[in-house]
file input.cif (mmCIF, C-alpha atoms)
data_run
loop_
_atom_site.label_atom_id
_atom_site.label_comp_id
_atom_site.auth_asym_id
_atom_site.auth_seq_id
_atom_site.Cartn_x
_atom_site.Cartn_y
_atom_site.Cartn_z
CA MET A 1 48.33 13.74 3.46
CA MET A 2 45.70 15.08 1.08
CA PRO A 3 42.75 12.76 0.37
CA THR A 4 42.57 11.35 -3.15
CA GLU A 5 39.78 12.20 -5.59
CA LEU A 6 38.31 8.74 -5.02
CA GLU A 7 38.32 9.24 -1.24
CA LEU A 8 36.56 12.58 -1.63
CA LYS A 9 33.90 11.15 -3.93
CA ILE A 10 33.19 8.15 -1.69
CA SER A 11 33.03 10.41 1.35
CA GLU A 12 30.58 12.77 -0.38
CA ILE A 13 28.28 9.94 -1.53
CA ASP A 14 28.33 8.43 1.95
CA ARG A 15 27.43 11.81 3.43
CA ARG A 16 24.49 12.16 1.02
CA ILE A 17 23.23 8.65 1.82
CA ARG A 18 23.43 9.11 5.60
CA SER A 19 21.83 12.55 5.38
CA ALA A 20 18.96 11.14 3.31
CA GLU A 21 18.52 8.26 5.78
CA HIS A 22 18.30 10.73 8.63
CA ALA A 23 15.85 12.99 6.76
CA ALA A 24 13.61 10.00 6.07
CA GLY A 25 13.71 8.84 9.69
CA ARG A 26 15.46 5.63 8.74
CA PRO A 27 18.17 3.85 10.75
CA LYS A 28 21.77 4.70 9.94
CA GLY A 29 23.22 2.04 7.67
CA SER A 30 19.87 0.87 6.30
CA VAL A 31 20.95 1.83 2.76
CA SER A 32 23.88 0.13 1.01
CA LEU A 33 26.06 1.73 -1.65
CA LEU A 34 26.59 -0.31 -4.80
CA ALA A 35 29.62 1.14 -6.58
CA VAL A 36 29.10 0.83 -10.33
CA SER A 37 32.51 -0.28 -11.56
CA LYS A 38 31.76 -0.92 -15.25
CA THR A 39 34.66 0.14 -17.51
CA LYS A 40 36.73 1.03 -14.43
CA PRO A 41 40.20 -0.58 -14.11
CA PHE A 42 40.94 -3.37 -11.65
CA GLU A 43 43.24 -1.14 -9.60
CA LEU A 44 40.50 1.41 -8.99
CA VAL A 45 38.27 -1.34 -7.59
CA ARG A 46 41.13 -2.37 -5.29
CA GLN A 47 41.49 1.22 -4.11
CA ALA A 48 37.75 1.52 -3.49
CA HIS A 49 37.82 -1.71 -1.50
CA LYS A 50 40.64 -0.34 0.66
CA LEU A 51 38.40 2.66 1.33
CA GLY A 52 35.64 0.43 2.65
CA LEU A 53 33.51 -0.51 -0.35
CA SER A 54 32.64 -4.17 -0.94
CA LYS A 55 29.69 -4.20 -3.36
CA PHE A 56 30.41 -3.58 -7.04
CA GLY A 57 28.06 -3.46 -10.02
CA GLU A 58 28.85 -4.46 -13.60
CA ASN A 59 26.85 -4.10 -16.84
CA TYR A 60 28.75 -6.51 -19.07
CA ALA A 61 29.06 -10.23 -18.40
CA GLN A 62 32.58 -10.67 -19.75
CA GLU A 63 33.91 -7.73 -17.74
CA LEU A 64 32.18 -9.04 -14.62
CA ALA A 65 33.78 -12.47 -15.04
CA GLU A 66 37.26 -11.01 -15.61
CA LYS A 67 37.08 -8.73 -12.59
CA ALA A 68 35.67 -11.43 -10.32
CA GLN A 69 38.59 -13.70 -11.24
CA VAL A 70 41.38 -11.11 -11.14
CA LEU A 71 40.13 -9.70 -7.81
CA ALA A 72 39.26 -13.05 -6.23
CA ASP A 73 41.67 -12.36 -3.37
CA LEU A 74 39.34 -9.60 -2.11
CA ASP A 75 36.10 -10.14 -0.21
CA LEU A 76 33.78 -8.56 -2.78
CA SER A 77 30.13 -8.94 -3.70
CA TRP A 78 29.49 -8.76 -7.46
CA HIS A 79 26.17 -7.44 -8.75
CA PHE A 80 25.09 -7.69 -12.39
CA ILE A 81 22.99 -4.63 -13.26
CA GLY A 82 22.85 -4.52 -17.07
CA PRO A 83 20.53 -6.00 -19.70
CA ILE A 84 20.86 -9.80 -19.80
CA GLN A 85 21.55 -11.55 -23.10
CA SER A 86 20.66 -15.25 -23.36
CA ASN A 87 24.16 -16.16 -24.51
CA LYS A 88 25.73 -14.50 -21.44
CA THR A 89 23.70 -16.15 -18.69
CA ALA A 90 26.32 -18.81 -17.90
CA LEU A 91 28.94 -16.18 -17.02
CA ILE A 92 26.44 -14.18 -14.99
CA ALA A 93 25.23 -17.28 -13.14
CA GLU A 94 28.78 -18.30 -12.27
CA PHE A 95 30.36 -15.02 -11.24
CA SER A 96 27.53 -12.88 -9.83
CA ASP A 97 26.37 -12.80 -6.24
CA TRP A 98 23.34 -10.69 -7.20
CA VAL A 99 21.44 -9.95 -10.41
CA HIS A 100 19.38 -6.73 -10.41
CA SER A 101 17.99 -6.74 -13.96
CA LEU A 102 15.90 -9.88 -14.29
CA ASP A 103 12.72 -9.27 -16.29
CA ARG A 104 12.02 -12.47 -18.26
CA LEU A 105 11.22 -16.02 -17.16
CA LYS A 106 13.36 -17.47 -19.95
CA ILE A 107 16.43 -15.72 -18.52
CA ALA A 108 15.51 -16.71 -14.97
CA ARG A 109 15.34 -20.38 -15.97
CA ARG A 110 18.74 -20.20 -17.66
CA LEU A 111 20.33 -18.54 -14.61
CA SER A 112 18.87 -21.20 -12.32
CA GLU A 113 20.01 -24.07 -14.57
CA GLN A 114 23.53 -22.64 -14.97
CA ARG A 115 24.17 -21.59 -11.35
CA PRO A 116 27.04 -23.70 -9.93
CA ALA A 117 25.63 -25.86 -7.14
CA GLU A 118 28.51 -25.11 -4.77
CA LYS A 119 27.73 -21.38 -4.85
CA GLY A 120 24.22 -21.71 -3.49
CA PRO A 121 21.17 -19.81 -4.79
CA LEU A 122 21.78 -16.65 -6.81
CA ASN A 123 20.17 -13.53 -5.31
CA VAL A 124 17.95 -11.89 -7.91
CA LEU A 125 15.85 -8.75 -8.24
CA ILE A 126 13.12 -8.23 -10.82
CA GLN A 127 13.48 -5.05 -12.85
CA VAL A 128 10.15 -3.23 -13.09
CA LYS A 129 9.33 -0.65 -15.75
CA THR A 130 8.05 2.43 -13.90
CA SER A 131 8.14 4.89 -16.81
CA GLN A 132 6.86 4.86 -20.37
CA GLU A 133 10.24 5.27 -22.06
CA GLU A 134 10.47 2.72 -24.85
CA ARG A 135 14.16 2.07 -24.31
CA LYS A 136 13.72 1.18 -20.65
CA SER A 137 13.88 -2.50 -19.75
CA GLY A 138 11.70 -4.12 -17.15
CA VAL A 139 8.52 -6.08 -16.61
CA ALA A 140 5.22 -4.20 -16.64
CA PRO A 141 3.77 -3.81 -13.12
CA GLU A 142 0.63 -5.76 -14.04
CA ALA A 143 2.76 -8.73 -15.16
CA LEU A 144 4.85 -8.76 -11.98
CA PRO A 145 2.80 -11.20 -9.83
CA ASP A 146 2.95 -13.99 -12.43
CA LEU A 147 6.71 -13.54 -12.91
CA VAL A 148 7.28 -13.54 -9.14
CA ALA A 149 5.32 -16.78 -8.79
CA ALA A 150 7.28 -18.47 -11.59
CA ILE A 151 10.71 -17.34 -10.39
CA SER A 152 9.91 -18.42 -6.84
CA GLU A 153 9.68 -22.02 -8.10
CA LEU A 154 13.19 -22.07 -9.55
CA PRO A 155 15.56 -24.00 -7.26
CA ASN A 156 18.80 -22.07 -7.71
CA LEU A 157 17.48 -18.52 -7.47
CA ALA A 158 16.62 -16.54 -4.33
CA LEU A 159 14.18 -13.77 -5.22
CA ARG A 160 15.03 -10.84 -2.95
CA GLY A 161 13.10 -7.83 -4.28
CA LEU A 162 12.71 -5.29 -7.05
CA MET A 163 14.77 -2.82 -9.08
CA THR A 164 13.89 0.12 -11.31
CA ILE A 165 15.57 2.77 -13.47
CA PRO A 166 12.99 5.55 -13.91
CA ALA A 167 13.05 8.39 -16.39
CA ALA A 168 15.14 11.39 -15.34
CA GLU A 169 13.18 14.12 -13.53
CA THR A 170 14.15 17.44 -11.98
CA ASP A 171 11.22 17.95 -9.60
CA MET A 172 11.49 16.10 -6.26
CA VAL A 173 7.84 15.03 -6.28
CA ALA A 174 8.22 13.61 -9.77
CA LYS A 175 11.46 11.87 -8.79
CA ARG A 176 9.77 10.16 -5.85
CA ARG A 177 6.72 8.88 -7.75
CA PRO A 178 8.29 5.80 -9.46
CA PHE A 179 10.14 4.87 -6.28
CA GLN A 180 6.89 5.05 -4.33
CA GLN A 181 5.32 2.81 -6.96
CA LEU A 182 8.10 0.23 -6.59
CA ARG A 183 7.83 0.27 -2.78
CA GLU A 184 4.06 -0.25 -2.99
CA LEU A 185 4.48 -3.08 -5.51
CA LEU A 186 6.95 -4.85 -3.22
CA ALA A 187 4.44 -4.62 -0.35
CA THR A 188 1.80 -6.45 -2.44
CA LEU A 189 3.98 -9.48 -3.12
CA PRO A 190 3.38 -12.57 -0.98
CA SER A 191 6.78 -13.28 0.53
CA ASN A 192 8.59 -12.19 3.67
CA GLN A 193 11.92 -12.91 1.95
CA LEU A 194 11.51 -9.87 -0.32
CA ASP A 195 13.55 -7.26 1.53
CA THR A 196 15.42 -5.35 -1.18
CA LEU A 197 14.64 -2.25 -3.23
CA SER A 198 17.46 -1.38 -5.64
CA MET A 199 16.60 2.14 -6.77
CA GLY A 200 18.27 5.51 -6.97
CA MET A 201 21.48 6.69 -8.64
CA SER A 202 23.68 9.77 -8.38
CA GLN A 203 21.00 12.22 -9.50
CA ASP A 204 18.05 10.89 -7.48
CA LEU A 205 19.31 8.86 -4.54
CA GLU A 206 17.71 11.18 -1.97
CA ALA A 207 14.28 10.64 -3.54
CA ALA A 208 14.83 6.89 -3.63
CA ILE A 209 15.96 6.69 -0.01
CA SER A 210 12.93 8.72 1.08
CA GLU A 211 10.77 5.98 -0.49
CA GLY A 212 12.59 3.01 1.02
CA ALA A 213 15.59 2.16 -1.17
CA THR A 214 17.89 -0.39 0.43
CA ILE A 215 20.55 -0.26 -2.34
CA VAL A 216 21.55 2.81 -4.36
CA ARG A 217 23.70 2.39 -7.48
CA VAL A 218 26.35 5.07 -7.99
CA GLY A 219 29.04 5.22 -10.64
CA THR A 220 30.20 8.84 -10.92
#

call {"tool": "encode", "arguments": {"input": "input.cif", "output": "structure tokens"}}
result
Amino acid sequence: MMPTELELKISEIDRRIRSAEHAAGRPKGSVSLLAVSKTKPFELVRQAHKLGLSKFGENYAQELAEKAQVLADLDLSWHFIGPIQSNKTALIAEFSDWVHSLDRLKIARRLSEQRPAEKGPLNVLIQVKTSQEERKSGVAPEALPDLVAAISELPNLALRGLMTIPAAETDMVAKRRPFQQLRELLATLPSNQLDTLSMGMSQDLEAAISEGATIVRVGT
């Protein structure tokens, strides 16, 4: 039986991840694939789960909530990766297992206040701005320590690490630079619970893995 297009794509991404791990001298399996499922139909997520994927990323709160409820029979981990609007924090707090795009204390407080107690602390990553593009979200590196300290005091959030979406580059050295910066920033933060670097997408996952990514986000 011929493999489906989805099987081929998942297999190719897995090959790239494992090859990059090996090239960087990292243990096999040290990098997780987050499948970006925004705008994708429920059935495609089911198919991807059958093929071994369990972590899915969404950009829109309403879509995340709908998918989490419709696919509640599957053992899935839902990650919110888009910009966070104040009026959407309740949905995100209820239906996410992870939030990758936290960059404001106001939003962090709302997520903590609205997290259902029975679900336990919400895993969160702070999005850091590692390029000068105006449209990029994220906290400035120099403001990171104060935000980390404030978020660490919130009872219903578990701060796990950092995330970035750098500007697109073609040169490998240039691709690696923002990921190196994020890795070095994580090392300066005073907590042994910070173990996650969410960085790297389809076009630059090799560069990200070479600099220590633990989660790569792939949609295509």

call {"tool": "closest_residue", "arguments": {"input": "input.cif", "among": "A:Leu74, A:Leu34, A:Leu111, A:Ala61", "to": "Leu91 of chain A", "atoms": "all atoms listed in the file"}}
result
A:Ala61

call {"tool": "residues_around", "arguments": {"input": "input.cif", "residues": "segment 159-175 of chain A", "least_positions_apart": "4", "cutoff": "8 Å", "atoms": "only C-alpha atoms", "output": "VMD selection string"}}
result
chain A and resid 100 to 101 123 to 131 133 136 138 148 151 to 152 179 182 186 193 to 200 204 207 to 208

call {"tool": "atom_distance", "arguments": {"input": "input.cif", "atom1": "atom CA of Leu185 of chain A", "atom2": "atom CA of Tyr60 of chain A"}}
result
28.0 Å

call {"tool": "resolve_selection", "arguments": {"input": "input.cif", "expression": "the PyMOL selection byres ((chain A and resi 201) around 8)", "output": "list in words"}}
result
Met199, Gly200, Ser202, Gln203, Asp204, Leu205, Val216, Arg217, Val218 and Gly219 of chain A

call {"tool": "residues_around", "arguments": {"input": "input.cif", "residues": "Glu113 of chain A", "least_positions_apart": "3", "cutoff": "12 Å", "atoms": "all atoms listed in the file", "output": "PyMOL selection string"}}
result
chain A and resi 89-90+92-94+106-110+116-117+121-122+154-157

call {"tool": "closest_residue", "arguments": {"input": "input.cif", "among": "A:Pro27, A:Leu51, A:Thr39, A:Arg46", "to": "Pro3 of chain A", "atoms": "all atoms listed in the file"}}
result
A:Leu51

call {"tool": "closest_residue", "arguments": {"input": "input.cif", "among": "A:Lys9, A:Arg26, A:Lys40, A:Lys88", "to": "Ser210 of chain A", "atoms": "all atoms listed in the file"}}
result
A:Arg26

call {"tool": "residues_around", "arguments": {"input": "input.cif", "residues": "Ile215 of chain A", "least_positions_apart": "4", "cutoff": "6 Å", "atoms": "all atoms listed in the file", "output": "PDB file with C-alpha atoms, keeping the file's coordinate frame"}}
result
ATOM      1  CA  VAL A  31      20.950   1.830   2.760  1.00  0.00           C
ATOM      2  CA  SER A  32      23.880   0.130   1.010  1.00  0.00           C
ATOM      3  CA  LEU A  33      26.060   1.730  -1.650  1.00  0.00           C
ATOM      4  CA  SER A 198      17.460  -1.380  -5.640  1.00  0.00           C
TER       5      SER A 198
END

call {"tool": "resolve_selection", "arguments": {"input": "input.cif", "expression": "the PyMOL selection byres ((chain A and resi 79) around 7)", "output": "PDB file with C-alpha atoms, keeping the file's coordinate frame"}}
result
ATOM      1  CA  PHE A  56      30.410  -3.580  -7.040  1.00  0.00           C
ATOM      2  CA  GLY A  57      28.060  -3.460 -10.020  1.00  0.00           C
ATOM      3  CA  GLU A  58      28.850  -4.460 -13.600  1.00  0.00           C
ATOM      4  CA  SER A  77      30.130  -8.940  -3.700  1.00  0.00           C
ATOM      5  CA  TRP A  78      29.490  -8.760  -7.460  1.00  0.00           C
ATOM      6  CA  PHE A  80      25.090  -7.690 -12.390  1.00  0.00           C
ATOM      7  CA  ILE A  81      22.990  -4.630 -13.260  1.00  0.00           C
ATOM      8  CA  SER A  96      27.530 -12.880  -9.830  1.00  0.00           C
ATOM      9  CA  ASP A  97      26.370 -12.800  -6.240  1.00  0.00           C
ATOM     10  CA  TRP A  98      23.340 -10.690  -7.200  1.00  0.00           C
ATOM     11  CA  VAL A  99      21.440  -9.950 -10.410  1.00  0.00           C
TER      12      VAL A  99
END

call {"tool": "atom_distance", "arguments": {"input": "input.cif", "atom1": "atom CA of Leu76 of chain A", "atom2": "atom CA of Val45 of chain A"}}
result
9.8 Å

call {"tool": "residues_around", "arguments": {"input": "input.cif", "residues": "Gln47 of chain A", "least_positions_apart": "6", "cutoff": "10 Å", "atoms": "only C-alpha atoms", "output": "JSON, numbers by chain"}}
result
{"A": [6, 7, 53]}
